[in-house]
Amino acid sequence: MSFLHQRWLAEQLPAWEREGLVTADAARLLRARYSVEQRAGLAQLVVGAIGGLLIGTGLIAVLAYNWDDFPRWTRLLFALGPLAASQAWSWLVLQKGEGAKPWLREAAAVVQTLAAGAAMALVSQIYNLPGSWTDLLFWWCVVAVPLAWVLRSHAVAIAYLVGIMVWAIAQAENRVSPFSAAAAADLRLWQPLLLAAILPLWPGADLRDRPPPGSRLVLAISALVGLLAVAAQVAFRPYDPHAPFFWLVMLTTVVVMLFPLDRAGIAEPLARKPHVPLGGFTLMGMALVATYEDPARTLVEGVGPALGLGWCWLLLAVGAGFAALAFRQGRFAVLAVAGLALVPLVAYPLTPADAGGWPVAITYSLVLLATAITLIGLEFTGRQGAARIGATLIAILVILRMADADVSLLVKGIVFIVIGSGFLGFNALISRHRAAVSGGVTA
Amino acid sequence: MRPAVAVFAVAVLAQWLVPLVGVLQHERVIARGVAVRIPCAAPDPYDPLRGRYLAVRPAETGAPAPDGMPDRAAAPVWATLVVGDDGLARIDSLTLERVSGPTAIRLVARPSAPSNGVRTVILEWPLDRFYLNERLATDADTLLAERLAAGTLPVAEIRLLDGRAVLTDLLLDGTSVRELVRRRRE
């Protein structure tokens, strides 16, 4: 049963119980078998987080005004006083244990997080400390993330994920700049560690707490962008045209896209597992770009230097492990898309050093076509597929090839009309197919 | 003790530790350090977390490479400052080994293009900003621009202790920028 049907069932059960259609025991059994996440109180959580955010941001702005009429110690009290007060509030909330209202936990955690940031910023301001604001952001994230665990604050977790993403981008930029290369932190070590710091909240000690949908998107974006920053950092070689970065991006998206899911996760729609479309669309976009000669050549030329990097082998090993698990779970659609990252690896030993990029570009067009057909075929054979994505991919491929084909506008126009009509017809066919096969879901 | 309480206690401790370590380190330098003044080239940028500041750039940004300086990588170096007749401190010596002394300061050196066949380095000082009250910052920027146009360079007043520096004031013609701006507004 799909997630949407499970949610529908959960919404109907109270009424069915009242009307006597099902007994209380049967309803309890159904709820246990087709469980859905609780969404109650979402508005309260948001309001709690926004309230905390406004108070804390106001505090930072007031302190950033720089009250230099006051002596240093008085100004320090301005910063450390609110920190102490916010910690006392969080302590009181924590003492309530499970009795604490979720919105109260959110508000206390957000205020304390911002008070901690304000204290660090003010000390930095008072002593005119050098360094980028992203350095401060790193320490802010480190001291705030335990609040996400103990107060189970989604707002602090989201802020943390955004913070470590921004910090990772800054470190990649530092590495590339000749003026700050020495100050760049080694993201190969730090980025996985920082991402792992969210594990005590999701999945938590009992491995059962899943991020809510909005948080999943932030988590997926933070993980992908952070890991791409690692790729940028390890791949950087000044004045070297054979940049391994692009292939490392492909491998990174494969790892993110193939991240293991349990059975319930596999059954969910794409919108509720955003790492899959995020990785998949990035990978398909890169593959489409690689259907052109120059990008294809650049991509393949980067494979050799990439294979000299330990990070590349780590990505390959993790990707292979995730792929094996995905194969066992029957996630053939995502495996088909992940296969796009293997084309440069296969083409590298077969491509002479002075060869143009056309053979690889043509190969990419054919592999993309095969991937699209696989996505469609899987859905029509009763497996988890993505027929509409497959059809869209074919349409884009034909449009790209027609756009640069040396044929008359009349021919191009007729082809576009045919593709458009075929696309709409296929869409209607898919809708009918899904209506006939109840419970069909995408990969 | 519940695990959540222990984790909360660690978080609270860390939230105090990070700012307080900074406070103690820099208070110690201010209380016990030697005061020196460094000529600077000096804008009014903005830090999203810490507010407005004046960018501070010590004038001595280049020097001959110290013995043993790596060809490509940046490295920490130790400079000994000496105070001239004008009361301003300048670099007297530069070495990769840690040196002691009341006017020793730790800098970062990056290899630069050789000058007249001599290997040189670009120096990064541990001071790059002087935070100002938001109300005063715009006037300070104008004042600084006027004085720079008239040929007056700002001077950074720092305290030094064990190679660590704390920027305590920014001076124009021997007077604090804060004081000059306040006088101007009165």
# chains A, B, ... in the order shown; residues from 1 in each chain; ligands from 1
>>> residues_around(residues="stretch 80-93 of chain B", least_positions_apart="3", cutoff="12 Å", atoms="only C-alpha atoms", output="ChimeraX atom specification")
/B:34-40,58-67,77,96-107,123,125,153-160,162-163,171,173-174
>>> interface_residues(of="chain A", to="chain B", cutoff="7 Å", atoms="only C-alpha atoms", output="number ranges by chain")
A: 64-68, 87, 116, 119-123, 125, 127-130, 133, 143, 146-147, 150, 182
>>> closest_residue(among="A:Ala353, A:Val276, A:Met257, A:Val360", to="A:Gly319", atoms="only C-alpha atoms")
A:Met257
>>> select_by_dssp(residues="stretch 28-84 of chain B", states="alpha helix (DSSP H)", output="mmCIF file with N, CA and C atoms, in the first residue's frame")
data_model
loop_
_atom_site.group_PDB
_atom_site.id
_atom_site.type_symbol
_atom_site.label_atom_id
_atom_site.label_comp_id
_atom_site.auth_asym_id
_atom_site.auth_seq_id
_atom_site.Cartn_x
_atom_site.Cartn_y
_atom_site.Cartn_z
ATOM 1 N N ARG B 28 44.095 38.556 28.901
ATOM 2 C CA ARG B 28 45.458 38.363 29.404
ATOM 3 C C ARG B 28 46.441 39.188 28.570
ATOM 4 N N VAL B 29 46.243 39.158 27.255
ATOM 5 C CA VAL B 29 47.129 39.942 26.382
ATOM 6 C C VAL B 29 46.957 41.434 26.673
ATOM 7 N N ILE B 30 45.727 41.875 26.836
ATOM 8 C CA ILE B 30 45.496 43.302 27.076
ATOM 9 C C ILE B 30 46.093 43.727 28.420
ATOM 10 N N ALA B 31 45.952 42.861 29.431
ATOM 11 C CA ALA B 31 46.421 43.226 30.767
ATOM 12 C C ALA B 31 47.942 43.190 30.864
ATOM 13 N N ARG B 32 48.571 42.195 30.254
ATOM 14 C CA ARG B 32 50.006 42.013 30.476
ATOM 15 C C ARG B 32 50.842 42.339 29.239
#
>>> select_by_dssp(residues="stretch 87-117 of chain B", states="strand (DSSP E)", output="ChimeraX atom specification")
/B:89-95,104-115
>>> atom_distance(atom1="atom CA of A:Gly51", atom2="atom CA of A:Ile164")
23.1 Å
>>> residues_around(residues="stretch 308-313 of chain A", least_positions_apart="3", cutoff="9 Å", atoms="only C-alpha atoms", output="list in words")
Arg188, Val230, Ala231, Val234, Ala235, Leu248, Leu251, Val303, Gly304, Pro305, Leu316, Ala317 and Val318 of chain A
>>> write_last_selection(atoms="C-alpha atoms", output="short mmCIF file (atom, residue, chain, number, x, y, z; two decimals), in the first residue's frame")
data_model
loop_
_atom_site.label_atom_id
_atom_site.label_comp_id
_atom_site.auth_asym_id
_atom_site.auth_seq_id
_atom_site.Cartn_x
_atom_site.Cartn_y
_atom_site.Cartn_z
CA ARG A 188 37.36 15.08 3.62
CA VAL A 230 34.56 18.14 -0.67
CA ALA A 231 34.83 17.12 -4.34
CA VAL A 234 40.06 17.55 -3.39
CA ALA A 235 39.82 18.04 -7.17
CA LEU A 248 33.62 13.36 -8.81
CA LEU A 251 30.03 9.88 -8.19
CA VAL A 303 38.77 10.21 -14.84
CA GLY A 304 42.56 9.57 -14.77
CA PRO A 305 43.39 12.32 -12.26
CA LEU A 316 33.42 4.33 -5.66
CA ALA A 317 33.48 1.89 -2.71
CA VAL A 318 30.52 3.48 -0.93
#
>>> residues_around(residues="A:Arg105", least_positions_apart="6", cutoff="12 Å", atoms="only C-alpha atoms", output="PyMOL selection string")
chain A and resi 44-49+51-52+86+89-99+111-112+147-156
>>> residues_around(residues="B:Val181", least_positions_apart="5", cutoff="12 Å", atoms="only C-alpha atoms", output="JSON, numbers by chain")
{"B": [132, 133, 135, 136, 137, 138, 139, 140, 141, 142, 143, 144, 170, 171, 172, 175, 176, 186]}
>>> write_last_selection(atoms="all heavy atoms", output="compact mmCIF listing (two decimals), in the first residue's frame")
# COMPACT_ATOMS: atom_id res chain seq x y z
N LEU B 132 33.23 48.94 15.11
CA LEU B 132 32.77 50.25 15.53
C LEU B 132 31.27 50.24 15.78
O LEU B 132 30.54 49.45 15.18
CB LEU B 132 33.04 51.28 14.43
CG LEU B 132 34.45 51.85 14.34
CD1 LEU B 132 34.57 52.64 13.08
CD2 LEU B 132 34.74 52.73 15.55
N ASN B 133 30.86 51.15 16.64
CA ASN B 133 29.43 51.35 16.85
C ASN B 133 28.78 51.72 15.52
O ASN B 133 29.33 52.52 14.75
CB ASN B 133 29.24 52.48 17.87
CG ASN B 133 27.80 52.81 18.11
OD1 ASN B 133 27.19 53.46 17.29
ND2 ASN B 133 27.28 52.36 19.21
N ARG B 135 26.40 53.59 14.81
CA ARG B 135 26.11 55.02 14.70
C ARG B 135 27.36 55.79 14.24
O ARG B 135 27.28 56.77 13.53
CB ARG B 135 25.67 55.50 16.08
CG ARG B 135 24.96 56.79 16.18
CD ARG B 135 24.24 56.90 17.54
NE ARG B 135 24.91 56.17 18.62
CZ ARG B 135 25.87 56.68 19.41
NH1 ARG B 135 26.30 57.90 19.23
NH2 ARG B 135 26.40 55.95 20.38
N LEU B 136 28.54 55.32 14.68
CA LEU B 136 29.78 56.04 14.40
C LEU B 136 30.45 55.58 13.11
O LEU B 136 31.31 56.28 12.58
CB LEU B 136 30.76 55.84 15.56
CG LEU B 136 30.29 56.22 16.97
CD1 LEU B 136 31.39 55.93 17.98
CD2 LEU B 136 29.89 57.68 17.03
N ALA B 137 30.08 54.38 12.65
CA ALA B 137 30.85 53.74 11.58
C ALA B 137 30.90 54.58 10.30
O ALA B 137 31.96 54.73 9.69
CB ALA B 137 30.27 52.37 11.28
N THR B 138 29.77 55.15 9.90
CA THR B 138 29.74 55.92 8.65
C THR B 138 30.62 57.16 8.76
O THR B 138 31.40 57.48 7.86
CB THR B 138 28.29 56.32 8.32
OG1 THR B 138 27.47 55.17 8.50
CG2 THR B 138 28.17 56.79 6.89
N ASP B 139 30.50 57.86 9.91
CA ASP B 139 31.34 59.05 10.11
C ASP B 139 32.81 58.68 10.16
O ASP B 139 33.67 59.41 9.66
CB ASP B 139 30.95 59.75 11.42
CG ASP B 139 29.62 60.48 11.28
OD1 ASP B 139 29.17 60.62 10.13
OD2 ASP B 139 29.06 60.90 12.30
N ALA B 140 33.11 57.53 10.78
CA ALA B 140 34.50 57.10 10.88
C ALA B 140 35.06 56.82 9.49
O ALA B 140 36.21 57.16 9.19
CB ALA B 140 34.60 55.85 11.74
N ASP B 141 34.23 56.24 8.65
CA ASP B 141 34.65 55.95 7.28
C ASP B 141 34.98 57.24 6.54
O ASP B 141 36.01 57.35 5.87
CB ASP B 141 33.51 55.18 6.58
CG ASP B 141 33.93 54.64 5.24
OD1 ASP B 141 35.09 54.23 5.13
OD2 ASP B 141 33.11 54.65 4.31
N THR B 142 34.09 58.25 6.69
CA THR B 142 34.31 59.55 6.03
C THR B 142 35.59 60.19 6.55
O THR B 142 36.43 60.69 5.78
CB THR B 142 33.10 60.48 6.29
OG1 THR B 142 31.92 59.76 5.99
CG2 THR B 142 33.17 61.75 5.48
N LEU B 143 35.73 60.17 7.87
CA LEU B 143 36.91 60.78 8.50
C LEU B 143 38.19 60.13 8.00
O LEU B 143 39.16 60.81 7.64
CB LEU B 143 36.79 60.63 10.02
CG LEU B 143 37.95 61.18 10.84
CD1 LEU B 143 37.92 62.70 10.87
CD2 LEU B 143 37.89 60.64 12.26
N LEU B 144 38.15 58.80 7.96
CA LEU B 144 39.33 58.06 7.51
C LEU B 144 39.68 58.41 6.06
O LEU B 144 40.85 58.61 5.73
CB LEU B 144 39.04 56.57 7.64
CG LEU B 144 40.22 55.65 7.91
CD1 LEU B 144 40.97 56.07 9.14
CD2 LEU B 144 39.74 54.22 8.06
N LEU B 170 42.42 52.11 17.05
CA LEU B 170 42.89 52.58 15.75
C LEU B 170 43.06 54.09 15.87
O LEU B 170 42.11 54.79 16.26
CB LEU B 170 41.87 52.21 14.67
CG LEU B 170 42.34 52.36 13.24
CD1 LEU B 170 43.46 51.37 12.92
CD2 LEU B 170 41.20 52.14 12.27
N LEU B 171 44.27 54.57 15.58
CA LEU B 171 44.59 55.98 15.84
C LEU B 171 44.79 56.75 14.55
O LEU B 171 45.30 56.20 13.55
CB LEU B 171 45.87 56.08 16.66
CG LEU B 171 45.99 55.18 17.90
CD1 LEU B 171 47.38 55.29 18.50
CD2 LEU B 171 44.94 55.56 18.94
N LEU B 172 44.44 58.02 14.58
CA LEU B 172 44.75 58.95 13.49
C LEU B 172 45.44 60.15 14.13
O LEU B 172 44.88 60.79 15.03
CB LEU B 172 43.47 59.41 12.78
CG LEU B 172 42.80 58.41 11.84
CD1 LEU B 172 41.43 58.91 11.41
CD2 LEU B 172 43.67 58.13 10.62
N THR B 175 45.38 60.03 17.90
CA THR B 175 44.12 60.05 18.64
C THR B 175 43.20 58.93 18.13
O THR B 175 43.18 58.64 16.93
CB THR B 175 43.39 61.41 18.46
OG1 THR B 175 44.33 62.44 18.76
CG2 THR B 175 42.19 61.52 19.39
N SER B 176 42.47 58.32 19.07
CA SER B 176 41.58 57.22 18.72
C SER B 176 40.52 57.66 17.70
O SER B 176 39.95 58.75 17.81
CB SER B 176 40.89 56.70 19.98
OG SER B 176 39.83 55.87 19.62
N GLU B 186 29.92 66.20 17.94
CA GLU B 186 29.45 67.14 18.98
C GLU B 186 29.33 68.56 18.42
O GLU B 186 30.00 68.95 17.53
CB GLU B 186 30.42 67.12 20.16
CG GLU B 186 30.26 65.86 21.02
CD GLU B 186 31.39 65.66 22.01
OE1 GLU B 186 32.28 66.53 22.08
OE2 GLU B 186 31.41 64.61 22.66
>>> atom_distance(atom1="atom CA of A:His433", atom2="atom CA of A:Phe259")
29.1 Å
>>> residues_around(residues="A:Met165", least_positions_apart="5", cutoff="7 Å", atoms="only C-alpha atoms", output="list in words")
Ser222, Val225 and Gly226 of chain A
>>> write_last_selection(atoms="all heavy atoms", output="compact mmCIF listing (two decimals), in the first residue's frame")
# COMPACT_ATOMS: atom_id res chain seq x y z
N SER A 222 21.84 19.70 2.03
CA SER A 222 23.07 19.93 2.81
C SER A 222 24.10 18.85 2.53
O SER A 222 25.29 19.14 2.34
CB SER A 222 22.73 19.99 4.29
OG SER A 222 23.89 20.19 5.05
N VAL A 225 25.32 19.25 -1.28
CA VAL A 225 26.19 20.42 -1.50
C VAL A 225 27.48 20.29 -0.69
O VAL A 225 28.57 20.59 -1.19
CB VAL A 225 25.44 21.72 -1.12
CG1 VAL A 225 26.36 22.92 -1.19
CG2 VAL A 225 24.25 21.93 -2.05
N GLY A 226 27.38 19.79 0.55
CA GLY A 226 28.57 19.62 1.36
C GLY A 226 29.55 18.65 0.73
O GLY A 226 30.76 18.90 0.67
>>> atom_distance(atom1="atom CA of A:Ala223", atom2="atom CA of A:Leu195")
7.0 Å
>>> closest_residue(among="A:Leu21, A:Ala232, A:Leu76, A:Ala15", to="B:Leu24", atoms="only C-alpha atoms")
A:Leu76
